[in-house]
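Below is final18.pdb, holding PDB, C-alpha atoms.
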```
ATOM      1  CA  MET A  19     -47.575  -1.894 -21.793
ATOM      2  CA  ASP A  20     -47.131  -2.436 -25.497
ATOM      3  CA  SER A  21     -44.107  -4.210 -26.944
ATOM      4  CA  THR A  22     -42.243  -0.998 -27.878
ATOM      5  CA  THR A  23     -42.256   0.272 -24.301
ATOM      6  CA  LEU A  24     -41.343  -3.193 -23.068
ATOM      7  CA  ILE A  25     -38.309  -3.336 -25.339
ATOM      8  CA  ALA A  26     -37.200   0.151 -24.311
ATOM      9  CA  VAL A  27     -37.567  -0.623 -20.598
ATOM     10  CA  ALA A  28     -35.783  -3.953 -20.915
ATOM     11  CA  SER A  29     -32.933  -2.381 -22.904
ATOM     12  CA  ILE A  30     -32.343   0.515 -20.520
ATOM     13  CA  VAL A  31     -32.567  -1.594 -17.350
ATOM     14  CA  THR A  32     -30.299  -4.251 -18.831
ATOM     15  CA  ALA A  33     -27.776  -1.640 -19.964
ATOM     16  CA  GLY A  34     -27.577  -0.222 -16.439
ATOM     17  CA  LEU A  35     -27.304  -3.659 -14.845
ATOM     18  CA  THR A  36     -24.656  -4.728 -17.355
ATOM     19  CA  THR A  37     -22.372  -1.781 -16.660
ATOM     20  CA  GLY A  38     -23.061  -1.918 -12.912
ATOM     21  CA  ILE A  39     -22.261  -5.586 -12.386
ATOM     22  CA  GLY A  40     -19.603  -5.499 -15.078
ATOM     23  CA  CYS A  41     -17.760  -2.758 -13.194
ATOM     24  CA  MET A  42     -18.095  -4.326  -9.744
ATOM     25  CA  MET A  43     -16.702  -7.751 -10.449
ATOM     26  CA  PRO A  44     -13.609  -6.754 -12.467
ATOM     27  CA  ALA A  45     -12.921  -4.074  -9.827
ATOM     28  CA  LEU A  46     -12.832  -6.783  -7.152
ATOM     29  CA  GLY A  47     -10.560  -8.919  -9.316
ATOM     30  CA  GLU A  48      -8.225  -6.034 -10.132
ATOM     31  CA  GLY A  49      -8.045  -5.070  -6.476
ATOM     32  CA  ARG A  50      -7.002  -8.580  -5.502
ATOM     33  CA  SER A  51      -4.363  -8.809  -8.225
ATOM     34  CA  VAL A  52      -2.896  -5.377  -7.450
ATOM     35  CA  ALA A  53      -2.801  -6.202  -3.731
ATOM     36  CA  SER A  54      -0.930  -9.452  -4.255
ATOM     37  CA  ALA A  55       1.407  -7.822  -6.796
ATOM     38  CA  LEU A  56       2.217  -5.069  -4.281
ATOM     39  CA  SER A  57       2.938  -7.535  -1.514
ATOM     40  CA  SER A  58       5.183  -9.580  -3.787
ATOM     41  CA  ILE A  59       7.036  -6.422  -4.874
ATOM     42  CA  ALA A  60       7.509  -5.597  -1.189
ATOM     43  CA  GLN A  61       8.951  -9.056  -0.612
ATOM     44  CA  GLN A  62      11.164  -9.058  -3.697
ATOM     45  CA  PRO A  63      11.931  -5.552  -4.962
ATOM     46  CA  ASP A  64      14.428  -6.999  -7.479
ATOM     47  CA  ALA A  65      11.621  -8.684  -9.408
ATOM     48  CA  ALA A  66       9.637  -5.454  -9.676
ATOM     49  CA  PRO A  67       9.952  -4.990 -13.492
ATOM     50  CA  THR A  68       8.778  -8.523 -14.255
ATOM     51  CA  ILE A  69       5.947  -8.340 -11.735
ATOM     52  CA  THR A  70       4.851  -4.951 -13.048
ATOM     53  CA  ARG A  71       4.762  -6.135 -16.649
ATOM     54  CA  THR A  72       2.849  -9.288 -15.782
ATOM     55  CA  LEU A  73       0.525  -7.202 -13.621
ATOM     56  CA  PHE A  74      -0.190  -4.839 -16.495
ATOM     57  CA  VAL A  75      -0.952  -7.641 -18.903
ATOM     58  CA  GLY A  76      -3.156  -9.352 -16.328
ATOM     59  CA  LEU A  77      -4.947  -6.120 -15.486
ATOM     60  CA  ALA A  78      -5.623  -5.575 -19.182
ATOM     61  CA  MET A  79      -7.103  -9.075 -19.396
ATOM     62  CA  ILE A  80      -9.342  -8.453 -16.369
ATOM     63  CA  GLU A  81     -10.300  -4.999 -17.486
ATOM     64  CA  SER A  82     -11.301  -6.221 -20.924
ATOM     65  CA  THR A  83     -14.245  -8.042 -19.299
ATOM     66  CA  ALA A  84     -15.441  -4.700 -17.933
ATOM     67  CA  ILE A  85     -14.928  -3.192 -21.382
ATOM     68  CA  TYR A  86     -17.016  -5.966 -22.946
ATOM     69  CA  CYS A  87     -19.845  -5.125 -20.533
ATOM     70  CA  PHE A  88     -19.487  -1.445 -21.411
ATOM     71  CA  VAL A  89     -19.599  -2.171 -25.132
ATOM     72  CA  VAL A  90     -22.682  -4.356 -24.683
ATOM     73  CA  SER A  91     -24.483  -1.626 -22.764
ATOM     74  CA  MET A  92     -23.457   0.948 -25.374
ATOM     75  CA  ILE A  93     -24.924  -1.320 -28.057
ATOM     76  CA  LEU A  94     -28.099  -1.655 -25.988
ATOM     77  CA  ILE A  95     -28.460   2.116 -25.666
ATOM     78  CA  PHE A  96     -27.204   3.513 -28.983
ATOM     79  CA  ALA A  97     -27.353   0.707 -31.536
ATOM     80  CA  ASN A  98     -30.045  -1.630 -30.261
ATOM     81  CA  PRO A  99     -31.023  -4.058 -33.048
ATOM     82  CA  PHE A 100     -34.412  -4.922 -31.464
ATOM     83  CA  TRP A 101     -35.282  -1.268 -31.000
ATOM     84  CA  SER A 102     -34.348  -0.440 -34.595
ATOM     85  CA  HIS A 103     -36.468  -3.402 -35.724
ATOM     86  CA  VAL A 104     -39.501  -2.103 -33.827
ATOM     87  CA  ILE A 105     -38.917   1.479 -34.980
ATOM     88  CA  ALA A 106     -38.555   0.423 -38.622
ATOM     89  CA  LYS A 107     -41.929  -1.303 -38.569
TER      90      LYS A 107
ATOM     91  CA  MET B  29     -23.879  11.724 -30.574
ATOM     92  CA  LYS B  30     -21.493  10.112 -33.024
ATOM     93  CA  LEU B  31     -20.418   6.710 -31.788
ATOM     94  CA  SER B  32     -17.375   6.334 -34.037
ATOM     95  CA  PRO B  33     -15.391   8.426 -36.531
ATOM     96  CA  ASP B  34     -16.664   6.020 -39.197
ATOM     97  CA  GLU B  35     -19.894   7.984 -39.330
ATOM     98  CA  THR B  36     -18.250  11.185 -40.568
ATOM     99  CA  VAL B  37     -18.188  10.537 -44.306
ATOM    100  CA  PHE B  38     -16.342  12.900 -46.616
ATOM    101  CA  TRP B  39     -16.751  11.202 -49.957
ATOM    102  CA  GLN B  40     -18.661   8.158 -51.103
ATOM    103  CA  HIS B  41     -18.815   6.379 -54.413
ATOM    104  CA  GLY B  42     -20.249   2.899 -54.693
ATOM    105  CA  PHE B  43     -18.809   0.787 -51.921
ATOM    106  CA  ILE B  44     -15.736   3.031 -51.532
ATOM    107  CA  THR B  45     -16.144   5.385 -48.596
ATOM    108  CA  ILE B  46     -13.637   7.969 -47.415
ATOM    109  CA  ASN B  47     -14.454   8.663 -43.781
ATOM    110  CA  LEU B  48     -12.709  10.397 -40.910
ATOM    111  CA  THR B  49     -11.064   7.163 -39.731
ATOM    112  CA  ILE B  50      -9.295   6.611 -43.033
ATOM    113  CA  VAL B  51      -8.239  10.239 -43.337
ATOM    114  CA  THR B  52      -6.805  10.356 -39.803
ATOM    115  CA  THR B  53      -5.075   7.001 -40.225
ATOM    116  CA  TRP B  54      -3.358   8.095 -43.427
ATOM    117  CA  ALA B  55      -2.396  11.441 -41.909
ATOM    118  CA  LEU B  56      -0.825   9.667 -38.918
ATOM    119  CA  MET B  57       0.977   7.231 -41.203
ATOM    120  CA  LEU B  58       2.294  10.130 -43.260
ATOM    121  CA  ILE B  59       3.495  11.969 -40.152
ATOM    122  CA  LEU B  60       5.224   8.856 -38.778
ATOM    123  CA  ILE B  61       6.884   7.944 -42.080
ATOM    124  CA  VAL B  62       7.992  11.455 -43.022
ATOM    125  CA  GLY B  63       9.208  12.082 -39.468
ATOM    126  CA  ALA B  64      11.219   8.875 -39.388
ATOM    127  CA  ARG B  65      12.678   9.623 -42.863
ATOM    128  CA  LEU B  66      13.665  13.164 -41.875
ATOM    129  CA  ILE B  67      15.320  12.003 -38.651
ATOM    130  CA  THR B  68      17.173   9.029 -40.112
ATOM    131  CA  ARG B  69      18.399  10.976 -43.158
ATOM    132  CA  LYS B  70      21.646  12.005 -41.477
ATOM    133  CA  LEU B  71      22.505   9.571 -38.717
ATOM    134  CA  LYS B  72      25.744  10.055 -36.834
ATOM    135  CA  THR B  73      27.887   7.938 -34.546
ATOM    136  CA  ASP B  74      29.833  10.840 -33.037
ATOM    137  CA  ASN B  75      29.913  11.794 -29.411
ATOM    138  CA  THR B  76      27.183  14.337 -30.048
ATOM    139  CA  ILE B  77      24.066  13.209 -31.891
ATOM    140  CA  SER B  78      20.982  15.220 -32.689
ATOM    141  CA  ARG B  79      18.113  15.264 -30.179
ATOM    142  CA  TRP B  80      15.727  13.545 -32.545
ATOM    143  CA  GLN B  81      18.153  10.725 -33.229
ATOM    144  CA  CYS B  82      18.549  10.329 -29.475
ATOM    145  CA  ILE B  83      14.777  10.038 -29.055
ATOM    146  CA  LEU B  84      14.500   7.445 -31.820
ATOM    147  CA  GLU B  85      17.390   5.437 -30.374
ATOM    148  CA  MET B  86      15.724   5.472 -26.954
ATOM    149  CA  ILE B  87      12.436   4.287 -28.438
ATOM    150  CA  VAL B  88      14.033   1.508 -30.474
ATOM    151  CA  THR B  89      16.244   0.214 -27.663
ATOM    152  CA  GLY B  90      13.317   0.445 -25.234
ATOM    153  CA  ILE B  91      11.048  -1.623 -27.485
ATOM    154  CA  ASN B  92      13.871  -4.102 -28.127
ATOM    155  CA  LYS B  93      14.401  -4.522 -24.393
ATOM    156  CA  GLN B  94      10.689  -5.062 -23.745
ATOM    157  CA  ILE B  95      10.476  -7.696 -26.493
ATOM    158  CA  LYS B  96      13.552  -9.420 -25.113
ATOM    159  CA  ASP B  97      12.119  -9.360 -21.572
ATOM    160  CA  VAL B  98       9.006 -11.184 -22.748
ATOM    161  CA  GLY B  99      11.197 -13.990 -24.060
ATOM    162  CA  LEU B 100      12.014 -13.505 -27.735
ATOM    163  CA  ASP B 101      15.741 -13.881 -28.176
ATOM    164  CA  HIS B 102      16.253 -11.855 -31.361
ATOM    165  CA  PRO B 103      14.079  -8.746 -31.008
ATOM    166  CA  GLU B 104      15.499  -7.234 -34.228
ATOM    167  CA  GLN B 105      13.471  -9.806 -36.131
ATOM    168  CA  TYR B 106      10.185  -8.747 -34.570
ATOM    169  CA  ILE B 107      10.562  -5.029 -33.850
ATOM    170  CA  GLY B 108       9.427  -4.181 -37.381
ATOM    171  CA  PHE B 109       5.969  -5.515 -36.607
ATOM    172  CA  ILE B 110       5.603  -4.923 -32.871
ATOM    173  CA  GLY B 111       7.283  -1.533 -32.897
ATOM    174  CA  THR B 112       5.023  -0.355 -35.707
ATOM    175  CA  LEU B 113       1.937  -1.447 -33.767
ATOM    176  CA  PHE B 114       3.140   0.360 -30.646
ATOM    177  CA  LEU B 115       4.148   3.569 -32.414
ATOM    178  CA  PHE B 116       0.969   3.789 -34.475
ATOM    179  CA  ILE B 117      -1.415   3.133 -31.565
ATOM    180  CA  GLY B 118       0.628   5.330 -29.251
ATOM    181  CA  THR B 119       0.618   8.271 -31.671
ATOM    182  CA  ALA B 120      -3.055   7.790 -32.496
ATOM    183  CA  ASN B 121      -3.957   7.863 -28.799
ATOM    184  CA  LEU B 122      -1.608  10.666 -27.754
ATOM    185  CA  CYS B 123      -2.880  13.055 -30.422
ATOM    186  CA  ILE B 124      -6.121  13.529 -28.467
ATOM    187  CA  ILE B 125      -4.457  16.577 -26.907
ATOM    188  CA  PHE B 126      -5.154  18.352 -30.195
ATOM    189  CA  PRO B 127      -8.671  19.802 -30.147
ATOM    190  CA  GLY B 128     -11.082  18.481 -32.762
ATOM    191  CA  TYR B 129      -9.122  15.274 -33.207
ATOM    192  CA  THR B 130     -10.869  11.915 -33.086
ATOM    193  CA  PRO B 131      -8.515   8.984 -32.617
ATOM    194  CA  PRO B 132      -8.897   6.377 -35.394
ATOM    195  CA  THR B 133      -8.547   3.699 -32.688
ATOM    196  CA  ALA B 134     -12.006   4.737 -31.434
ATOM    197  CA  SER B 135     -13.415   2.968 -34.505
ATOM    198  CA  LEU B 136     -13.908  -0.781 -34.395
ATOM    199  CA  SER B 137     -12.707  -1.145 -37.992
ATOM    200  CA  THR B 138      -9.212   0.162 -37.187
ATOM    201  CA  THR B 139      -8.772  -1.994 -34.106
ATOM    202  CA  ALA B 140     -10.189  -5.034 -35.915
ATOM    203  CA  ALA B 141      -7.669  -4.487 -38.705
ATOM    204  CA  LEU B 142      -4.809  -4.225 -36.199
ATOM    205  CA  ALA B 143      -5.982  -7.354 -34.370
ATOM    206  CA  PHE B 144      -6.248  -9.154 -37.712
ATOM    207  CA  CYS B 145      -2.619  -8.228 -38.401
ATOM    208  CA  VAL B 146      -1.670  -9.930 -35.117
ATOM    209  CA  PHE B 147      -3.872 -12.899 -36.040
ATOM    210  CA  ILE B 148      -1.906 -13.289 -39.295
ATOM    211  CA  ALA B 149       1.501 -12.504 -37.799
ATOM    212  CA  VAL B 150       1.370 -15.195 -35.094
ATOM    213  CA  PRO B 151       1.268 -18.185 -37.502
ATOM    214  CA  PHE B 152       3.639 -16.327 -39.846
ATOM    215  CA  PHE B 153       6.390 -16.075 -37.247
ATOM    216  CA  GLY B 154       5.617 -19.566 -35.932
ATOM    217  CA  ILE B 155       5.917 -21.127 -39.395
ATOM    218  CA  GLU B 156       9.013 -19.064 -40.145
ATOM    219  CA  LYS B 157      10.648 -20.503 -37.037
ATOM    220  CA  SER B 158       9.803 -24.168 -37.371
ATOM    221  CA  GLY B 159       8.049 -24.888 -40.657
ATOM    222  CA  LEU B 160       4.402 -25.599 -41.304
ATOM    223  CA  GLY B 161       4.273 -29.001 -39.618
ATOM    224  CA  GLY B 162       6.070 -27.832 -36.504
ATOM    225  CA  TYR B 163       3.682 -24.926 -36.103
ATOM    226  CA  LEU B 164       0.554 -27.007 -36.726
ATOM    227  CA  LYS B 165       1.742 -29.486 -34.112
ATOM    228  CA  SER B 166       1.624 -26.737 -31.497
ATOM    229  CA  TYR B 167      -2.173 -26.829 -31.794
ATOM    230  CA  LEU B 168      -2.160 -30.441 -30.582
ATOM    231  CA  LYS B 169      -0.488 -29.580 -27.297
ATOM    232  CA  PRO B 170      -0.756 -30.841 -24.593
ATOM    233  CA  THR B 171      -3.025 -33.501 -26.156
ATOM    234  CA  PHE B 172      -5.110 -33.638 -29.313
ATOM    235  CA  ILE B 173      -8.256 -33.134 -27.173
ATOM    236  CA  MET B 174      -7.188 -29.525 -26.756
ATOM    237  CA  LEU B 175      -7.325 -28.847 -30.512
ATOM    238  CA  PRO B 176     -10.784 -27.173 -30.576
ATOM    239  CA  PHE B 177      -9.961 -25.113 -27.486
ATOM    240  CA  ASN B 178      -6.699 -23.923 -29.015
ATOM    241  CA  LEU B 179      -8.585 -22.881 -32.155
ATOM    242  CA  ILE B 180     -11.260 -21.101 -30.119
ATOM    243  CA  SER B 181      -8.634 -19.274 -28.085
ATOM    244  CA  GLU B 182      -6.968 -18.122 -31.307
ATOM    245  CA  ILE B 183     -10.232 -16.516 -32.445
ATOM    246  CA  SER B 184     -11.346 -15.173 -29.080
ATOM    247  CA  ARG B 185      -8.059 -13.505 -28.240
ATOM    248  CA  THR B 186      -8.114 -11.686 -31.580
ATOM    249  CA  LEU B 187     -11.634 -10.485 -30.810
ATOM    250  CA  ALA B 188     -10.527  -9.494 -27.311
ATOM    251  CA  LEU B 189      -7.592  -7.469 -28.686
ATOM    252  CA  ALA B 190      -9.858  -5.548 -31.043
ATOM    253  CA  VAL B 191     -12.670  -4.881 -28.571
ATOM    254  CA  ARG B 192     -10.306  -3.974 -25.700
ATOM    255  CA  LEU B 193      -8.531  -1.209 -27.612
ATOM    256  CA  PHE B 194     -11.766   0.021 -29.200
ATOM    257  CA  GLY B 195     -13.700   0.020 -25.917
ATOM    258  CA  ASN B 196     -11.011   1.831 -23.951
ATOM    259  CA  ILE B 197     -10.472   4.632 -26.449
ATOM    260  CA  MET B 198     -14.162   4.976 -27.351
ATOM    261  CA  SER B 199     -15.201   5.102 -23.684
ATOM    262  CA  GLY B 200     -12.618   7.824 -23.045
ATOM    263  CA  GLY B 201     -14.067   9.983 -25.804
ATOM    264  CA  MET B 202     -17.624   9.246 -24.751
ATOM    265  CA  ILE B 203     -17.015  10.104 -21.087
ATOM    266  CA  VAL B 204     -15.548  13.450 -22.159
ATOM    267  CA  ALA B 205     -18.605  14.077 -24.350
ATOM    268  CA  ILE B 206     -21.011  13.230 -21.501
ATOM    269  CA  LEU B 207     -19.074  15.327 -18.973
ATOM    270  CA  LEU B 208     -19.086  18.262 -21.397
ATOM    271  CA  SER B 209     -22.867  18.394 -21.083
ATOM    272  CA  ILE B 210     -22.799  18.156 -17.269
ATOM    273  CA  SER B 211     -19.833  20.248 -16.131
ATOM    274  CA  PRO B 212     -18.359  21.981 -19.157
ATOM    275  CA  PHE B 213     -15.183  23.647 -17.963
ATOM    276  CA  ILE B 214     -12.593  21.750 -15.938
ATOM    277  CA  PHE B 215     -13.662  18.107 -15.678
ATOM    278  CA  PRO B 216     -13.186  17.205 -19.350
ATOM    279  CA  VAL B 217      -9.573  18.405 -19.076
ATOM    280  CA  ILE B 218      -8.905  15.970 -16.237
ATOM    281  CA  MET B 219     -10.596  13.146 -18.111
ATOM    282  CA  ASN B 220      -8.511  13.998 -21.193
ATOM    283  CA  ALA B 221      -5.330  13.786 -19.118
ATOM    284  CA  LEU B 222      -6.510  10.400 -17.881
ATOM    285  CA  GLY B 223      -7.235   9.489 -21.496
ATOM    286  CA  LEU B 224      -3.581  10.199 -22.411
ATOM    287  CA  LEU B 225      -2.473   7.718 -19.733
ATOM    288  CA  THR B 226      -5.032   5.100 -20.786
ATOM    289  CA  GLY B 227      -4.058   5.526 -24.427
ATOM    290  CA  MET B 228      -0.377   4.942 -23.705
ATOM    291  CA  VAL B 229      -1.132   1.949 -21.455
ATOM    292  CA  GLN B 230      -3.399   0.470 -24.126
ATOM    293  CA  ALA B 231      -0.712   0.903 -26.808
ATOM    294  CA  TYR B 232       1.769  -0.833 -24.499
ATOM    295  CA  ILE B 233      -0.660  -3.622 -23.691
ATOM    296  CA  PHE B 234      -1.618  -4.204 -27.315
ATOM    297  CA  SER B 235       1.993  -4.583 -28.404
ATOM    298  CA  ILE B 236       2.987  -6.611 -25.325
ATOM    299  CA  LEU B 237       0.075  -9.000 -25.915
ATOM    300  CA  ALA B 238       1.071  -9.346 -29.575
ATOM    301  CA  THR B 239       4.597 -10.141 -28.379
ATOM    302  CA  VAL B 240       3.301 -12.683 -25.876
ATOM    303  CA  TYR B 241       1.223 -14.440 -28.562
ATOM    304  CA  ILE B 242       4.148 -14.506 -31.007
ATOM    305  CA  THR B 243       6.430 -15.768 -28.235
ATOM    306  CA  ALA B 244       3.981 -18.560 -27.445
ATOM    307  CA  ALA B 245       3.844 -19.660 -31.111
ATOM    308  CA  VAL B 246       7.622 -19.476 -31.579
ATOM    309  CA  HIS B 247       8.424 -21.190 -28.278
ATOM    310  CA  ASP B 248       5.917 -23.991 -28.746
ATOM    311  CA  ALA B 249       7.514 -24.725 -32.066
ATOM    312  CA  LYS B 250      11.006 -24.537 -30.599
ATOM    313  CA  THR B 251      10.336 -26.941 -27.712
ATOM    314  CA  ASP B 252       8.729 -29.295 -30.223
ATOM    315  CA  LYS B 253      11.893 -29.269 -32.264
ATOM    316  CA  VAL B 254      14.033 -29.915 -29.194
ATOM    317  CA  LYS B 255      11.809 -32.827 -28.243
ATOM    318  CA  LEU B 256      12.042 -34.265 -31.746
ATOM    319  CA  LEU B 257      15.798 -34.000 -31.647
ATOM    320  CA  THR B 258      15.996 -35.764 -28.296
ATOM    321  CA  THR B 259      13.609 -38.564 -29.218
ATOM    322  CA  ASN B 260      15.308 -39.350 -32.521
TER     323      ASN B 260
END
```
Reformat the file's structure so that it appears as structure tokens.
Amino acid sequence: MDSTTLIAVASIVTAGLTTGIGCMMPALGEGRSVASALSSIAQQPDAAPTITRTLFVGLAMIESTAIYCFVVSMILIFANPFWSHVIAK
Amino acid sequence: MKLSPDETVFWQHGFITINLTIVTTWALMLILIVGARLITRKLKTDNTISRWQCILEMIVTGINKQIKDVGLDHPEQYIGFIGTLFLFIGTANLCIIFPGYTPPTASLSTTAALAFCVFIAVPFFGIEKSGLGGYLKSYLKPTFIMLPFNLISEISRTLALAVRLFGNIMSGGMIVAILLSISPFIFPVIMNALGLLTGMVQAYIFSILATVYITAAVHDAKTDKVKLLTTN
């Protein structure tokens, strides 16, 4: 295997792994936060607006980690600096 | 596949480039400004007001209420900045129902510019509230050991704001493009409907996070002032 193929293989496999793991873990975290937010809304329906707003902000924070993983894998597939370096040579 | 609307270039001369992002941004700004001018030209306080005025009043009071809920006491002072962020991002994301439209928020340059505005606005409002010294002191809280971490968090949250909005909107467009090649007819419509929801939620989250950051700067300064008053 020459270095070009190696770089391509490494990039594609890493892109898949990045999105895969980066979707799993935030999904677990979001599930936990939504579950506890729901149970606290069930206990205190009066506090629902505050809980919902905090939940949204927290979900955005958690989800941004998944988005970072997505952006990294997009960079690896479409705008890979190492690949462009090899291709330019 | 075009990753961002930056790559569609209409006109280029030297380092000045007119691309799709700039054109769409200016068109949206024009629509928002002209629309707001037309609606607010004849405001009334009668029993019956025009529909458009009613919509604008609902939007303004809604944003004011949200800002107040987060903890800023005088939302009128901040709605100029936060409301503009929300309306611009919201309009930019909602317009994806028009065919052939690429949202300018799917380009990292737009979102980076918006995040940079927040990055500038946070110290601006903090200094306005409590002066330069009072604001700078908020970096030394709780102890001076936290100074580098406070600085890092300032940078990283700006980066997070930019990449979050960009990633969400770009991924929506990209998923539609990929689905178009797999199942052309009905699935992209569903994903577009989901994209409308995501776009609105992202506009809300961007402006709420900006509000939270401004609140943190203003409140830190305020509690500092209270403490100074009590110790002296």
inquiry  = I'd like to see the residues matched by the PyMOL selection byres ((chain A) within 12 of (chain B)) on this file, and ideally I'd get them as a ChimeraX atom specification.
reply    = /A:67-69,71-93,95-97
Residues from the last selection, C-alpha atoms, saved as a PDB file, in the frame of the given file:
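Okay, this is what ended up in result-v2.pdb:
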```pdb
ATOM      1  CA  PRO A  67       9.952  -4.990 -13.492  1.00  0.00           C
ATOM      2  CA  THR A  68       8.778  -8.523 -14.255  1.00  0.00           C
ATOM      3  CA  ILE A  69       5.947  -8.340 -11.735  1.00  0.00           C
ATOM      4  CA  ARG A  71       4.762  -6.135 -16.649  1.00  0.00           C
ATOM      5  CA  THR A  72       2.849  -9.288 -15.782  1.00  0.00           C
ATOM      6  CA  LEU A  73       0.525  -7.202 -13.621  1.00  0.00           C
ATOM      7  CA  PHE A  74      -0.190  -4.839 -16.495  1.00  0.00           C
ATOM      8  CA  VAL A  75      -0.952  -7.641 -18.903  1.00  0.00           C
ATOM      9  CA  GLY A  76      -3.156  -9.352 -16.328  1.00  0.00           C
ATOM     10  CA  LEU A  77      -4.947  -6.120 -15.486  1.00  0.00           C
ATOM     11  CA  ALA A  78      -5.623  -5.575 -19.182  1.00  0.00           C
ATOM     12  CA  MET A  79      -7.103  -9.075 -19.396  1.00  0.00           C
ATOM     13  CA  ILE A  80      -9.342  -8.453 -16.369  1.00  0.00           C
ATOM     14  CA  GLU A  81     -10.300  -4.999 -17.486  1.00  0.00           C
ATOM     15  CA  SER A  82     -11.301  -6.221 -20.924  1.00  0.00           C
ATOM     16  CA  THR A  83     -14.245  -8.042 -19.299  1.00  0.00           C
ATOM     17  CA  ALA A  84     -15.441  -4.700 -17.933  1.00  0.00           C
ATOM     18  CA  ILE A  85     -14.928  -3.192 -21.382  1.00  0.00           C
ATOM     19  CA  TYR A  86     -17.016  -5.966 -22.946  1.00  0.00           C
ATOM     20  CA  CYS A  87     -19.845  -5.125 -20.533  1.00  0.00           C
ATOM     21  CA  PHE A  88     -19.487  -1.445 -21.411  1.00  0.00           C
ATOM     22  CA  VAL A  89     -19.599  -2.171 -25.132  1.00  0.00           C
ATOM     23  CA  VAL A  90     -22.682  -4.356 -24.683  1.00  0.00           C
ATOM     24  CA  SER A  91     -24.483  -1.626 -22.764  1.00  0.00           C
ATOM     25  CA  MET A  92     -23.457   0.948 -25.374  1.00  0.00           C
ATOM     26  CA  ILE A  93     -24.924  -1.320 -28.057  1.00  0.00           C
ATOM     27  CA  ILE A  95     -28.460   2.116 -25.666  1.00  0.00           C
ATOM     28  CA  PHE A  96     -27.204   3.513 -28.983  1.00  0.00           C
ATOM     29  CA  ALA A  97     -27.353   0.707 -31.536  1.00  0.00           C
TER      30      ALA A  97
END
```
request  = Would you kindly return, as a list in words, each protein, DNA or RNA residue with an atom no farther than 12 Å from any atom of Pro151 in chain B, considering all atoms listed in the file and excluding same-chain residues fewer than 4 positions away?
outcome  =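 These residues fall inside the cut-off: Phe144, Cys145, Val146, Phe147, Ile155, Glu156, Lys157, Ser158, Gly159, Leu160, Gly161, Gly162, Tyr163, Leu164, Lys165, Ser166, Tyr167, Glu182, Ala238, Tyr241, Ile242, Thr243, Ala244, Ala245, Val246, Asp248 and Ala249 of chain B.
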Spatial neighbours of range 99-114 of chain B, 6 Å, only C-alpha atoms, chain gap at least 5 places, as a list in words = Asn92, Ala231 and Ser235 of chain B
inquiry  = So the first atom is CA of Asn98 in chain A and the second is CA of Val27 in chain A; what is the distance between them in Å, to one decimal place?
reply    =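 One can read the CA of Asn98 in chain A to CA of Val27 in chain A distance as 12.3 Å.
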query = Looking at all atoms listed in the file, which of B:Val217, B:Val88, B:Leu224, B:Ala205 is the one that sits closest to Leu115 in chain B?
reply =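 When distances to Leu115 in chain B are compared using all atoms listed in the file, the smallest one comes from B:Val88.
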Phe38 in chain B: which residues within 9 Å, counting only C-alpha atoms, same-chain residues fewer than 3 positions away excluded, as a compact mmCIF listing (two decimals) with C-alpha atoms, in the coordinates of the input?
```
# COMPACT_ATOMS: atom_id res chain seq x y z
CA THR B 45 -16.14 5.38 -48.60
CA ILE B 46 -13.64 7.97 -47.42
CA ASN B 47 -14.45 8.66 -43.78
CA LEU B 48 -12.71 10.40 -40.91
```
request  = Tell me, in Å to one decimal, how far CA of Ala60 in chain A is from CA of Glu48 in chain A.
outcome  =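 Distance reported for this atom pair: 18.1 Å.
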key: Gap from CA of Leu179 in chain B to CA of Ala140 in chain B - Å, one decimal   =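 So the two atoms, CA of Leu179 in chain B and CA of Ala140 in chain B, lie 18.3 Å apart.
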inquiry  = Selection in question (the file shown): the PyMOL selection byres ((chain B and resi 120-133) around 7). Which residues does it include, as an NGL selection string?
reply    = :B and (33 or 49 or 52-53 or 116-119 or 134-135 or 138-139 or 194 or 197 or 224 or 227-228)
request  = Give me the result of the PyMOL selection byres ((chain A and resi 29) around 9) on this file, residue by residue, as a ChimeraX atom specification.
outcome  = /A:24-28,30-34,91,94-95,98,101
task = Kindly indicate which residue among B:Leu168, B:Ala143, B:Met219, B:Leu207 lies nearest to Ser184 in chain B, using only C-alpha atoms for the distances.
result = B:Ala143
